[in-house]
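Student: Sharing a structure, written as structure tokens. Questions coming.
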Amino acid sequence: MGVSGIGMGNYQAQDGERLAQTLREQRASQPSLSEMMKDAREQAEQREKMFQIPKNSRRYGDAPVMAYAKLARARSVGEVDAASGYARRQMAQLRAAKRSDPENADRIQAAIDQLQKAVNRAGRKKRELSQEKLAEVRRARLEKEERTREAKRQRSELRRRRAQRMIRESGYLREAEVDDKVQSQLSAAKLALRDQMQELSDRFQPSVEDAVQQYAASAVESAPAPEISVEA
């Protein structure tokens with residue numbers, strides 16, 4: 001190889017070194033993995049604060065709360081049937097909403113499950129009201145027969161059973177309210193996690209230009225040094 005070959009080899013080596021140096025500087029200027037993770041966590045926290053306000057105008061958890069409120073106010077078998085009918089209608093509407101709103105499918109299903117419990121508990125209340133009505137008839141008969149002690153005992157038993165039922169129904173309403181809050185938090189957390197994972201995926205997915213630069217840098221760094229011949 002002559003002098004021109006030596007000069008060409010030196011030029012290629014210098015050009016390759018400049019390219020490698022440029023790529024190293026670009027990689028050094030990019031944020032590290034820990035910095036990217038920290039930034040993603042901060043953005044996720046900001047989104048979580050935003051999700052404290054309901055995203056959808058419709059609150060799926062309101063239907064079970066309303067159904068239990070109607071059930072607690074019911075004082076007759078007919079009113080219990082009305083509360084049960086309301087719960088059944090809401091279940092049908094939520095099943096349709098589940099198909100059109102798959103993003104909130106878990107939350108909708110939780111509301112459907114609560115409404116199904118309300119229907120089952122309405123059946124129990126109907127039986128209890130029927131039993132209480134029979135007990136009231138027995139108490140009236142005892143008073144008519146002047147069996148005062150037995151009538152008082154029957155009255156006390158009725159009061160105790162009604163008080164227990166009211167406490168239990170109040171617990172049903174509280175259960176529906178707590179479940180609605182839990183489902184809201186779970187829905188917000190799932191959405192925030194999904195967005196965070198998508199953002200991380202977008203950050204770590206290399207572009208075509210970056211891939212070409214990385215390939216060129218690795219080729220330059222691994223290329224053997226040119227041999228210099230001093231033979232004429």
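Convention: chains lettered A, B, ... in structure tokens order; per-chain residue numbering from 1; ligands numbered from 1 as shown.
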Excluding same-chain residues fewer than 2 positions from Asp62 in chain A, what lies within 10 Å of it counting only C-alpha atoms, as a VMD selection string?
Tutor: chain A and resid 58 to 60 64 to 67 111 176 to 177 180
Student: Determine the nearest neighbour of Gln90 in chain A from the options A:Thr148, A:Gln116, A:Gln196, A:Ser187, counting only C-alpha atoms.
Tutor: A:Gln116
Student: Find the residues around Val137 in chain A up to 12 Å (only C-alpha atoms counted), leave out those fewer than 6 positions away in its own chain, and share them as a list in words.
Tutor: Ser130, Gln131, Glu143, Lys144, Ala151, Gln154, Arg155 and Leu158 of chain A
Student: Please write the residues from the selection above to a file, keeping C-alpha atoms, as a compact mmCIF listing (two decimals), in the first residue's frame.
Tutor:
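This is the output file again.txt:
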# COMPACT_ATOMS: atom_id res chain seq x y z
CA SER A 130 -94.63 -12.59 56.56
CA GLN A 131 -93.39 -14.17 59.80
CA GLU A 143 -104.16 -9.85 74.29
CA LYS A 144 -107.75 -10.60 73.39
CA ALA A 151 -98.56 -11.07 74.78
CA GLN A 154 -94.48 -11.79 71.93
CA ARG A 155 -94.29 -8.00 71.59
CA LEU A 158 -91.18 -8.75 67.57
Student: Report, in Å to a single decimal, how far apart CA of Arg160 in chain A and CA of Ala74 in chain A are.
Tutor: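 Atom-to-atom, CA of Ala74 in chain A to CA of Arg160 in chain A, that is 18.0 Å.
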